[in-house]
file structure.cif (mmCIF, N, CA and C atoms)
data_structure
#
loop_
_atom_site.label_atom_id
_atom_site.label_comp_id
_atom_site.auth_asym_id
_atom_site.auth_seq_id
_atom_site.Cartn_x
_atom_site.Cartn_y
_atom_site.Cartn_z
N MET A 212 -29.64 -11.07 -7.92
CA MET A 212 -29.69 -11.56 -6.55
C MET A 212 -30.27 -12.98 -6.58
N PRO A 213 -29.61 -13.92 -5.90
CA PRO A 213 -30.11 -15.29 -5.91
C PRO A 213 -31.46 -15.38 -5.20
N SER A 214 -32.31 -16.27 -5.70
CA SER A 214 -33.62 -16.41 -5.07
C SER A 214 -33.44 -17.16 -3.75
N ARG A 215 -34.25 -16.79 -2.82
CA ARG A 215 -34.19 -17.44 -1.50
C ARG A 215 -35.38 -18.36 -1.39
N ARG A 216 -35.07 -19.62 -1.38
CA ARG A 216 -36.12 -20.62 -1.29
C ARG A 216 -36.69 -20.66 0.12
N VAL A 217 -37.99 -20.57 0.21
CA VAL A 217 -38.64 -20.63 1.51
C VAL A 217 -39.47 -21.90 1.54
N ASP A 218 -38.89 -22.91 2.13
CA ASP A 218 -39.59 -24.19 2.22
C ASP A 218 -40.28 -24.28 3.58
N PRO A 219 -41.17 -25.24 3.75
CA PRO A 219 -41.91 -25.36 5.01
C PRO A 219 -41.01 -25.53 6.24
N VAL A 220 -39.91 -26.23 6.10
CA VAL A 220 -39.01 -26.43 7.25
C VAL A 220 -38.38 -25.09 7.65
N THR A 221 -37.95 -24.31 6.66
CA THR A 221 -37.37 -23.00 6.97
C THR A 221 -38.38 -22.12 7.69
N ILE A 222 -39.61 -22.12 7.20
CA ILE A 222 -40.67 -21.33 7.83
C ILE A 222 -40.85 -21.78 9.28
N GLU A 223 -40.90 -23.09 9.50
CA GLU A 223 -41.09 -23.60 10.85
C GLU A 223 -39.91 -23.25 11.75
N VAL A 224 -38.68 -23.37 11.23
CA VAL A 224 -37.50 -23.04 12.03
C VAL A 224 -37.53 -21.57 12.43
N VAL A 225 -37.88 -20.69 11.49
CA VAL A 225 -37.95 -19.26 11.80
C VAL A 225 -39.00 -19.01 12.88
N GLU A 226 -40.15 -19.65 12.77
CA GLU A 226 -41.19 -19.49 13.78
C GLU A 226 -40.75 -20.03 15.14
N LEU A 227 -40.05 -21.15 15.16
CA LEU A 227 -39.56 -21.72 16.41
C LEU A 227 -38.51 -20.81 17.06
N ILE A 228 -37.61 -20.27 16.24
CA ILE A 228 -36.61 -19.34 16.77
C ILE A 228 -37.31 -18.13 17.38
N ALA A 229 -38.32 -17.60 16.68
CA ALA A 229 -39.07 -16.45 17.21
C ALA A 229 -39.74 -16.79 18.53
N ASP A 230 -40.30 -18.00 18.64
CA ASP A 230 -40.93 -18.42 19.89
C ASP A 230 -39.91 -18.53 21.02
N VAL A 231 -38.75 -19.09 20.72
CA VAL A 231 -37.69 -19.22 21.73
C VAL A 231 -37.27 -17.83 22.20
N VAL A 232 -37.05 -16.92 21.27
CA VAL A 232 -36.62 -15.56 21.63
C VAL A 232 -37.69 -14.87 22.48
N ALA A 233 -38.95 -14.98 22.09
CA ALA A 233 -40.03 -14.34 22.84
C ALA A 233 -40.13 -14.91 24.26
N ARG A 234 -40.04 -16.22 24.39
CA ARG A 234 -40.11 -16.84 25.72
C ARG A 234 -38.91 -16.44 26.57
N TYR A 235 -37.74 -16.38 25.96
CA TYR A 235 -36.54 -15.98 26.69
C TYR A 235 -36.68 -14.54 27.20
N HIS A 236 -37.12 -13.63 26.31
CA HIS A 236 -37.27 -12.23 26.72
C HIS A 236 -38.31 -12.09 27.84
N THR A 237 -39.40 -12.81 27.75
CA THR A 237 -40.43 -12.75 28.79
C THR A 237 -39.85 -13.20 30.12
N GLU A 238 -39.15 -14.34 30.13
CA GLU A 238 -38.58 -14.83 31.38
C GLU A 238 -37.48 -13.91 31.89
N TYR A 239 -36.67 -13.38 30.98
CA TYR A 239 -35.58 -12.49 31.38
C TYR A 239 -36.13 -11.23 32.03
N GLU A 240 -37.17 -10.64 31.43
CA GLU A 240 -37.79 -9.43 32.00
C GLU A 240 -38.38 -9.74 33.37
N HIS A 241 -39.03 -10.90 33.50
CA HIS A 241 -39.62 -11.30 34.78
C HIS A 241 -38.53 -11.49 35.84
N ALA A 242 -37.46 -12.19 35.48
CA ALA A 242 -36.35 -12.42 36.42
C ALA A 242 -35.71 -11.08 36.81
N ALA A 243 -35.53 -10.19 35.84
CA ALA A 243 -34.94 -8.88 36.14
C ALA A 243 -35.84 -8.12 37.12
N ALA A 244 -37.13 -8.12 36.85
CA ALA A 244 -38.07 -7.40 37.70
C ALA A 244 -38.06 -7.95 39.13
N SER A 245 -37.85 -9.25 39.27
CA SER A 245 -37.83 -9.84 40.62
C SER A 245 -36.62 -9.33 41.42
N HIS A 246 -35.65 -8.74 40.73
CA HIS A 246 -34.48 -8.13 41.39
C HIS A 246 -34.54 -6.61 41.30
N GLN A 247 -35.73 -6.09 40.98
CA GLN A 247 -35.96 -4.65 40.82
C GLN A 247 -35.03 -4.04 39.77
N LEU A 248 -34.84 -4.76 38.68
CA LEU A 248 -34.01 -4.30 37.56
C LEU A 248 -34.85 -4.28 36.29
N THR A 249 -34.48 -3.42 35.37
CA THR A 249 -35.05 -3.51 34.03
C THR A 249 -34.29 -4.60 33.28
N GLY A 250 -34.81 -5.03 32.16
CA GLY A 250 -34.11 -6.02 31.36
C GLY A 250 -32.74 -5.51 30.93
N ALA A 251 -32.66 -4.24 30.52
CA ALA A 251 -31.38 -3.66 30.09
C ALA A 251 -30.38 -3.62 31.24
N GLN A 252 -30.84 -3.24 32.43
CA GLN A 252 -29.95 -3.21 33.58
C GLN A 252 -29.44 -4.61 33.90
N ALA A 253 -30.32 -5.60 33.81
CA ALA A 253 -29.91 -6.98 34.09
C ALA A 253 -28.88 -7.45 33.08
N LYS A 254 -29.08 -7.11 31.80
CA LYS A 254 -28.12 -7.52 30.78
C LYS A 254 -26.75 -6.89 31.02
N VAL A 255 -26.74 -5.61 31.35
CA VAL A 255 -25.46 -4.94 31.61
C VAL A 255 -24.80 -5.54 32.84
N LEU A 256 -25.56 -5.75 33.89
CA LEU A 256 -24.99 -6.34 35.11
C LEU A 256 -24.43 -7.73 34.83
N ASN A 257 -25.15 -8.52 34.06
CA ASN A 257 -24.66 -9.85 33.70
C ASN A 257 -23.36 -9.76 32.91
N MET A 258 -23.31 -8.86 31.93
CA MET A 258 -22.08 -8.67 31.14
C MET A 258 -20.90 -8.31 32.03
N LEU A 259 -21.15 -7.36 32.95
CA LEU A 259 -20.07 -6.88 33.80
C LEU A 259 -19.64 -7.92 34.81
N SER A 260 -20.52 -8.85 35.16
CA SER A 260 -20.14 -9.90 36.10
C SER A 260 -19.14 -10.87 35.47
N LEU A 261 -19.08 -10.87 34.14
CA LEU A 261 -18.11 -11.72 33.44
C LEU A 261 -16.76 -11.02 33.30
N GLU A 262 -16.81 -9.68 33.10
CA GLU A 262 -15.57 -8.89 33.02
C GLU A 262 -15.93 -7.41 33.04
N PRO A 263 -15.13 -6.60 33.75
CA PRO A 263 -15.35 -5.15 33.69
C PRO A 263 -15.15 -4.66 32.26
N LEU A 264 -15.97 -3.69 31.85
CA LEU A 264 -15.94 -3.21 30.47
C LEU A 264 -16.04 -1.69 30.41
N PRO A 265 -15.40 -1.09 29.39
CA PRO A 265 -15.65 0.33 29.15
C PRO A 265 -17.04 0.52 28.57
N MET A 266 -17.60 1.70 28.79
CA MET A 266 -18.96 1.99 28.33
C MET A 266 -19.13 1.74 26.83
N ARG A 267 -18.14 2.15 26.06
CA ARG A 267 -18.24 2.02 24.61
C ARG A 267 -18.40 0.55 24.20
N ARG A 268 -17.68 -0.35 24.87
CA ARG A 268 -17.78 -1.78 24.54
C ARG A 268 -19.14 -2.34 24.94
N ILE A 269 -19.67 -1.87 26.08
CA ILE A 269 -21.01 -2.29 26.49
C ILE A 269 -22.02 -1.87 25.43
N ALA A 270 -21.90 -0.63 24.95
CA ALA A 270 -22.81 -0.11 23.93
C ALA A 270 -22.71 -0.95 22.65
N LEU A 271 -21.51 -1.33 22.27
CA LEU A 271 -21.34 -2.16 21.07
C LEU A 271 -22.02 -3.51 21.25
N LYS A 272 -21.83 -4.12 22.42
CA LYS A 272 -22.45 -5.43 22.67
C LYS A 272 -23.97 -5.35 22.69
N LEU A 273 -24.50 -4.25 23.22
CA LEU A 273 -25.95 -4.08 23.29
C LEU A 273 -26.53 -3.47 22.01
N ARG A 274 -25.64 -3.03 21.12
CA ARG A 274 -26.05 -2.35 19.88
C ARG A 274 -26.92 -1.13 20.17
N CYS A 275 -26.39 -0.28 21.05
CA CYS A 275 -27.11 0.95 21.38
C CYS A 275 -26.11 2.10 21.52
N GLU A 276 -26.61 3.28 21.75
CA GLU A 276 -25.78 4.46 21.91
C GLU A 276 -25.08 4.46 23.28
N PRO A 277 -23.82 4.92 23.32
CA PRO A 277 -23.12 4.99 24.61
C PRO A 277 -23.87 5.81 25.67
N SER A 278 -24.62 6.83 25.26
CA SER A 278 -25.36 7.64 26.23
C SER A 278 -26.42 6.79 26.94
N ASN A 279 -27.00 5.82 26.24
CA ASN A 279 -27.97 4.91 26.88
C ASN A 279 -27.28 4.08 27.96
N VAL A 280 -26.09 3.63 27.66
CA VAL A 280 -25.34 2.81 28.61
C VAL A 280 -24.97 3.63 29.84
N THR A 281 -24.62 4.90 29.63
CA THR A 281 -24.27 5.77 30.76
C THR A 281 -25.43 5.83 31.74
N GLY A 282 -26.65 6.00 31.23
CA GLY A 282 -27.83 6.05 32.11
C GLY A 282 -28.05 4.75 32.85
N ILE A 283 -27.88 3.64 32.15
CA ILE A 283 -28.07 2.33 32.78
C ILE A 283 -27.03 2.12 33.89
N VAL A 284 -25.77 2.43 33.59
CA VAL A 284 -24.70 2.26 34.58
C VAL A 284 -24.91 3.21 35.75
N ASP A 285 -25.36 4.45 35.46
CA ASP A 285 -25.65 5.40 36.55
C ASP A 285 -26.66 4.81 37.53
N ARG A 286 -27.74 4.22 36.99
CA ARG A 286 -28.77 3.66 37.86
C ARG A 286 -28.25 2.45 38.65
N LEU A 287 -27.44 1.60 37.99
CA LEU A 287 -26.85 0.46 38.69
C LEU A 287 -25.87 0.93 39.77
N GLU A 288 -25.16 2.00 39.47
CA GLU A 288 -24.20 2.54 40.44
C GLU A 288 -24.94 3.12 41.65
N THR A 289 -26.06 3.80 41.40
CA THR A 289 -26.86 4.36 42.49
C THR A 289 -27.34 3.26 43.42
N ARG A 290 -27.63 2.10 42.87
CA ARG A 290 -28.10 0.96 43.68
C ARG A 290 -26.96 0.20 44.35
N GLY A 291 -25.72 0.59 44.06
CA GLY A 291 -24.58 -0.07 44.67
C GLY A 291 -24.21 -1.39 44.01
N LEU A 292 -24.67 -1.59 42.77
CA LEU A 292 -24.40 -2.84 42.07
C LEU A 292 -23.21 -2.75 41.13
N VAL A 293 -22.85 -1.52 40.74
CA VAL A 293 -21.77 -1.29 39.78
C VAL A 293 -20.96 -0.10 40.27
N GLU A 294 -19.68 -0.12 39.92
CA GLU A 294 -18.82 1.03 40.20
C GLU A 294 -17.98 1.32 38.96
N ARG A 295 -17.55 2.56 38.87
CA ARG A 295 -16.63 2.94 37.79
C ARG A 295 -15.23 2.97 38.37
N ARG A 296 -14.28 2.44 37.60
CA ARG A 296 -12.89 2.44 38.05
C ARG A 296 -11.98 2.67 36.86
N PRO A 297 -10.78 3.18 37.10
CA PRO A 297 -9.85 3.40 35.98
C PRO A 297 -9.42 2.07 35.37
N ASP A 298 -9.23 2.09 34.05
CA ASP A 298 -8.71 0.92 33.34
C ASP A 298 -7.21 0.85 33.61
N PRO A 299 -6.73 -0.26 34.17
CA PRO A 299 -5.29 -0.36 34.45
C PRO A 299 -4.42 -0.24 33.20
N ALA A 300 -4.98 -0.58 32.04
CA ALA A 300 -4.22 -0.50 30.78
C ALA A 300 -4.20 0.92 30.22
N ASP A 301 -5.19 1.74 30.58
CA ASP A 301 -5.28 3.11 30.07
C ASP A 301 -6.08 3.92 31.08
N ARG A 302 -5.39 4.64 31.94
CA ARG A 302 -6.04 5.34 33.05
C ARG A 302 -7.01 6.43 32.59
N ARG A 303 -6.99 6.78 31.30
CA ARG A 303 -7.96 7.76 30.77
C ARG A 303 -9.33 7.13 30.59
N VAL A 304 -9.37 5.79 30.51
CA VAL A 304 -10.62 5.07 30.26
C VAL A 304 -11.19 4.58 31.59
N LYS A 305 -12.50 4.73 31.74
CA LYS A 305 -13.19 4.22 32.93
C LYS A 305 -13.86 2.90 32.58
N LEU A 306 -13.71 1.94 33.47
CA LEU A 306 -14.38 0.65 33.32
C LEU A 306 -15.58 0.61 34.25
N ALA A 307 -16.65 0.01 33.80
CA ALA A 307 -17.77 -0.30 34.68
C ALA A 307 -17.52 -1.71 35.19
N ALA A 308 -17.64 -1.88 36.50
CA ALA A 308 -17.36 -3.19 37.11
C ALA A 308 -18.40 -3.45 38.20
N PRO A 309 -18.75 -4.72 38.39
CA PRO A 309 -19.74 -5.01 39.43
C PRO A 309 -19.11 -4.89 40.82
N THR A 310 -19.92 -4.45 41.76
CA THR A 310 -19.50 -4.51 43.16
C THR A 310 -19.73 -5.95 43.62
N GLU A 311 -19.39 -6.22 44.85
CA GLU A 311 -19.64 -7.57 45.38
C GLU A 311 -21.14 -7.87 45.33
N GLU A 312 -21.96 -6.88 45.72
CA GLU A 312 -23.42 -7.07 45.68
C GLU A 312 -23.90 -7.25 44.24
N GLY A 313 -23.29 -6.53 43.31
CA GLY A 313 -23.65 -6.67 41.90
C GLY A 313 -23.35 -8.06 41.37
N THR A 314 -22.21 -8.61 41.76
CA THR A 314 -21.84 -9.96 41.34
C THR A 314 -22.84 -10.98 41.90
N LEU A 315 -23.20 -10.81 43.17
CA LEU A 315 -24.17 -11.73 43.79
C LEU A 315 -25.54 -11.61 43.12
N THR A 316 -25.94 -10.39 42.80
CA THR A 316 -27.23 -10.18 42.13
C THR A 316 -27.22 -10.82 40.75
N ALA A 317 -26.12 -10.67 40.01
CA ALA A 317 -26.01 -11.29 38.68
C ALA A 317 -26.08 -12.81 38.79
N GLU A 318 -25.45 -13.37 39.80
CA GLU A 318 -25.50 -14.83 39.99
C GLU A 318 -26.93 -15.28 40.29
N ARG A 319 -27.62 -14.55 41.17
CA ARG A 319 -29.01 -14.90 41.50
C ARG A 319 -29.90 -14.78 40.27
N LEU A 320 -29.65 -13.76 39.48
CA LEU A 320 -30.43 -13.56 38.26
C LEU A 320 -30.23 -14.75 37.31
N ARG A 321 -28.97 -15.14 37.09
CA ARG A 321 -28.70 -16.29 36.21
C ARG A 321 -29.34 -17.57 36.74
N GLU A 322 -29.30 -17.77 38.05
CA GLU A 322 -29.89 -18.97 38.65
C GLU A 322 -31.41 -19.01 38.46
N SER A 323 -32.03 -17.85 38.35
CA SER A 323 -33.49 -17.82 38.22
C SER A 323 -33.96 -17.98 36.77
N LEU A 324 -33.04 -18.01 35.82
CA LEU A 324 -33.41 -18.18 34.41
C LEU A 324 -33.42 -19.66 34.06
N ASN A 325 -34.58 -20.27 34.18
CA ASN A 325 -34.71 -21.70 33.93
C ASN A 325 -35.15 -22.04 32.51
N PHE A 326 -35.69 -21.07 31.79
CA PHE A 326 -36.27 -21.37 30.49
C PHE A 326 -35.29 -22.10 29.58
N ALA A 327 -34.11 -21.57 29.41
CA ALA A 327 -33.14 -22.22 28.51
C ALA A 327 -32.51 -23.44 29.18
N ARG A 328 -32.22 -23.32 30.45
CA ARG A 328 -31.51 -24.40 31.14
C ARG A 328 -32.31 -25.70 31.18
N GLU A 329 -33.59 -25.62 31.48
CA GLU A 329 -34.39 -26.84 31.60
C GLU A 329 -34.54 -27.60 30.28
N PRO A 330 -34.93 -26.94 29.18
CA PRO A 330 -35.02 -27.68 27.92
C PRO A 330 -33.65 -28.19 27.45
N LEU A 331 -32.60 -27.40 27.67
CA LEU A 331 -31.28 -27.84 27.25
C LEU A 331 -30.82 -29.06 28.03
N ALA A 332 -31.27 -29.18 29.26
CA ALA A 332 -30.89 -30.33 30.08
C ALA A 332 -31.45 -31.62 29.48
N GLY A 333 -32.52 -31.52 28.68
CA GLY A 333 -33.10 -32.68 28.02
C GLY A 333 -32.32 -33.14 26.80
N LEU A 334 -31.34 -32.35 26.42
CA LEU A 334 -30.49 -32.72 25.28
C LEU A 334 -29.19 -33.31 25.80
N SER A 335 -28.63 -34.21 25.02
CA SER A 335 -27.33 -34.78 25.40
C SER A 335 -26.26 -33.71 25.19
N ALA A 336 -25.09 -33.95 25.76
CA ALA A 336 -23.97 -33.03 25.58
C ALA A 336 -23.65 -32.86 24.09
N GLU A 337 -23.74 -33.95 23.36
CA GLU A 337 -23.47 -33.91 21.91
C GLU A 337 -24.51 -33.04 21.19
N GLU A 338 -25.78 -33.20 21.57
CA GLU A 338 -26.84 -32.41 20.93
C GLU A 338 -26.69 -30.92 21.25
N ARG A 339 -26.31 -30.61 22.51
CA ARG A 339 -26.09 -29.21 22.88
C ARG A 339 -24.93 -28.62 22.09
N THR A 340 -23.89 -29.41 21.88
CA THR A 340 -22.74 -28.95 21.11
C THR A 340 -23.14 -28.69 19.66
N VAL A 341 -23.92 -29.59 19.08
CA VAL A 341 -24.39 -29.41 17.70
C VAL A 341 -25.25 -28.16 17.61
N LEU A 342 -26.16 -27.97 18.55
CA LEU A 342 -27.02 -26.80 18.56
C LEU A 342 -26.18 -25.53 18.67
N ARG A 343 -25.24 -25.52 19.58
CA ARG A 343 -24.34 -24.37 19.74
C ARG A 343 -23.61 -24.06 18.45
N ASP A 344 -23.06 -25.08 17.83
CA ASP A 344 -22.29 -24.89 16.60
C ASP A 344 -23.17 -24.38 15.45
N LEU A 345 -24.41 -24.90 15.37
CA LEU A 345 -25.33 -24.42 14.33
C LEU A 345 -25.71 -22.95 14.57
N LEU A 346 -25.97 -22.59 15.83
CA LEU A 346 -26.31 -21.20 16.13
C LEU A 346 -25.13 -20.28 15.82
N ARG A 347 -23.93 -20.70 16.18
CA ARG A 347 -22.74 -19.90 15.86
C ARG A 347 -22.62 -19.70 14.35
N ARG A 348 -22.86 -20.77 13.61
CA ARG A 348 -22.78 -20.70 12.13
C ARG A 348 -23.83 -19.74 11.57
N MET A 349 -25.03 -19.78 12.13
CA MET A 349 -26.08 -18.89 11.68
C MET A 349 -25.72 -17.43 11.93
N LEU A 350 -25.03 -17.17 13.03
CA LEU A 350 -24.70 -15.80 13.41
C LEU A 350 -23.40 -15.29 12.80
N ALA A 351 -22.64 -16.20 12.21
CA ALA A 351 -21.34 -15.80 11.64
C ALA A 351 -21.53 -14.95 10.39
#

call {"tool": "encode", "arguments": {"input": "structure.cif", "output": "structure tokens"}}
result
Amino acid sequence: MPSRRVDPVTIEVVELIADVVARYHTEYEHAAASHQLTGAQAKVLNMLSLEPLPMRRIALKLRCEPSNVTGIVDRLETRGLVERRPDPADRRVKLAAPTEEGTLTAERLRESLNFAREPLAGLSAEERTVLRDLLRRMLA
């Protein structure tokens, strides 16, 4: 196995990434709570506001068990933020989709997340593109 060199810059980058993730999660949980949502409910609602999804795909994106997603969607449905509907491509499959109120709540939630938006605004479009491309490369 090749040795993994741990230089001071790598250590600092890892610590900075951890700080960014921790700050993001703290703000996300706070923003979710301000809408009477858990962080998981907010994430699912945000995902569904982009496109209706089957439960299995939501579970894959969240890296959790489908039964967990069922509970989250049940609670969002009880609040009138999400509904289940047949998939037009396969009527055996149910899609979770936001209601009009769910879409508005997801928009308000995104608007209240300033942590990433404010620091990113201090970067030029070129710098944001480079950062995006580096993060994509790291995750590939």

call {"tool": "atom_distance", "arguments": {"input": "structure.cif", "atom1": "atom N of A:Thr340", "atom2": "atom C of A:Phe326"}}
result
15.6 Å

call {"tool": "atom_distance", "arguments": {"input": "structure.cif", "atom1": "atom N of A:Leu248", "atom2": "atom CA of A:Arg296"}}
result
23.1 Å

call {"tool": "resolve_selection", "arguments": {"input": "structure.cif", "expression": "the PyMOL selection byres ((chain A and resi 239-242) around 8)", "output": "PyMOL selection string"}}
result
chain A and resi 233-238+243-251+253+319-321+323-326

call {"tool": "write_last_selection", "arguments": {"input": "structure.cif", "atoms": "N, CA and C atoms", "output": "CSV table (one decimal), keeping the file's coordinate frame"}}
result
chain,number,residue,atom,x,y,z
A,233,ALA,N,-39.0,-15.0,22.1
A,233,ALA,CA,-40.0,-14.3,22.8
A,233,ALA,C,-40.1,-14.9,24.3
A,234,ARG,N,-40.0,-16.2,24.4
A,234,ARG,CA,-40.1,-16.8,25.7
A,234,ARG,C,-38.9,-16.4,26.6
A,235,TYR,N,-37.7,-16.4,26.0
A,235,TYR,CA,-36.5,-16.0,26.7
A,235,TYR,C,-36.7,-14.5,27.2
A,236,HIS,N,-37.1,-13.6,26.3
A,236,HIS,CA,-37.3,-12.2,26.7
A,236,HIS,C,-38.3,-12.1,27.8
A,237,THR,N,-39.4,-12.8,27.8
A,237,THR,CA,-40.4,-12.8,28.8
A,237,THR,C,-39.8,-13.2,30.1
A,238,GLU,N,-39.2,-14.3,30.1
A,238,GLU,CA,-38.6,-14.8,31.4
A,238,GLU,C,-37.5,-13.9,31.9
A,243,ALA,N,-35.5,-10.2,35.8
A,243,ALA,CA,-34.9,-8.9,36.1
A,243,ALA,C,-35.8,-8.1,37.1
A,244,ALA,N,-37.1,-8.1,36.8
A,244,ALA,CA,-38.1,-7.4,37.7
A,244,ALA,C,-38.1,-8.0,39.1
A,245,SER,N,-37.8,-9.2,39.3
A,245,SER,CA,-37.8,-9.8,40.6
A,245,SER,C,-36.6,-9.3,41.4
A,246,HIS,N,-35.6,-8.7,40.7
A,246,HIS,CA,-34.5,-8.1,41.4
A,246,HIS,C,-34.5,-6.6,41.3
A,247,GLN,N,-35.7,-6.1,41.0
A,247,GLN,CA,-36.0,-4.6,40.8
A,247,GLN,C,-35.0,-4.0,39.8
A,248,LEU,N,-34.8,-4.8,38.7
A,248,LEU,CA,-34.0,-4.3,37.6
A,248,LEU,C,-34.8,-4.3,36.3
A,249,THR,N,-34.5,-3.4,35.4
A,249,THR,CA,-35.0,-3.5,34.0
A,249,THR,C,-34.3,-4.6,33.3
A,250,GLY,N,-34.8,-5.0,32.2
A,250,GLY,CA,-34.1,-6.0,31.4
A,250,GLY,C,-32.7,-5.5,30.9
A,251,ALA,N,-32.7,-4.2,30.5
A,251,ALA,CA,-31.4,-3.7,30.1
A,251,ALA,C,-30.4,-3.6,31.2
A,253,ALA,N,-30.3,-5.6,33.8
A,253,ALA,CA,-29.9,-7.0,34.1
A,253,ALA,C,-28.9,-7.4,33.1
A,319,ARG,N,-27.6,-14.6,41.2
A,319,ARG,CA,-29.0,-14.9,41.5
A,319,ARG,C,-29.9,-14.8,40.3
A,320,LEU,N,-29.6,-13.8,39.5
A,320,LEU,CA,-30.4,-13.6,38.3
A,320,LEU,C,-30.2,-14.8,37.3
A,321,ARG,N,-29.0,-15.1,37.1
A,321,ARG,CA,-28.7,-16.3,36.2
A,321,ARG,C,-29.3,-17.6,36.7
A,323,SER,N,-32.0,-17.8,38.4
A,323,SER,CA,-33.5,-17.8,38.2
A,323,SER,C,-34.0,-18.0,36.8
A,324,LEU,N,-33.0,-18.0,35.8
A,324,LEU,CA,-33.4,-18.2,34.4
A,324,LEU,C,-33.4,-19.7,34.1
A,325,ASN,N,-34.6,-20.3,34.2
A,325,ASN,CA,-34.7,-21.7,33.9
A,325,ASN,C,-35.2,-22.0,32.5
A,326,PHE,N,-35.7,-21.1,31.8
A,326,PHE,CA,-36.3,-21.4,30.5
A,326,PHE,C,-35.3,-22.1,29.6

call {"tool": "atom_distance", "arguments": {"input": "structure.cif", "atom1": "atom C of A:Pro277", "atom2": "atom CA of A:Arg348"}}
result
29.8 Å

call {"tool": "select_by_dssp", "arguments": {"input": "structure.cif", "residues": "chain A", "states": "strand (DSSP E or B)", "output": "list of chain:residue names"}}
result
A:Leu264, A:Pro265, A:Val293, A:Glu294, A:Arg295, A:Arg296, A:Pro297, A:Asp298, A:Asp301, A:Arg302, A:Arg303, A:Val304, A:Lys305, A:Leu306, A:Ala307, A:Ala308, A:Pro309

call {"tool": "resolve_selection", "arguments": {"input": "structure.cif", "expression": "the PyMOL selection byres ((chain A and resi 263-272) around 5)", "output": "number ranges by chain"}}
result
A: 259, 261-262, 273-275, 305-308

call {"tool": "select_by_dssp", "arguments": {"input": "structure.cif", "residues": "stretch 281-319 of chain A", "states": "alpha helix (DSSP H)", "output": "ChimeraX atom specification"}}
result
/A:281-289,311-319

call {"tool": "axis_aligned_box", "arguments": {"input": "structure.cif", "around": "stretch 259-266 of chain A", "padding_each_side": "6 Å", "output": "AutoDock Vina command-line options"}}
result
--center_x -18.1 --center_y -4.9 --center_z 31.5 --size_x 18.0 --size_y 25.7 --size_z 21.3

call {"tool": "residues_around", "arguments": {"input": "structure.cif", "residues": "stretch 279-288 of chain A", "least_positions_apart": "5", "cutoff": "6 Å", "atoms": "only N, CA and C atoms", "output": "list of chain:residue names"}}
result
A:Gln252, A:Val293, A:Glu294
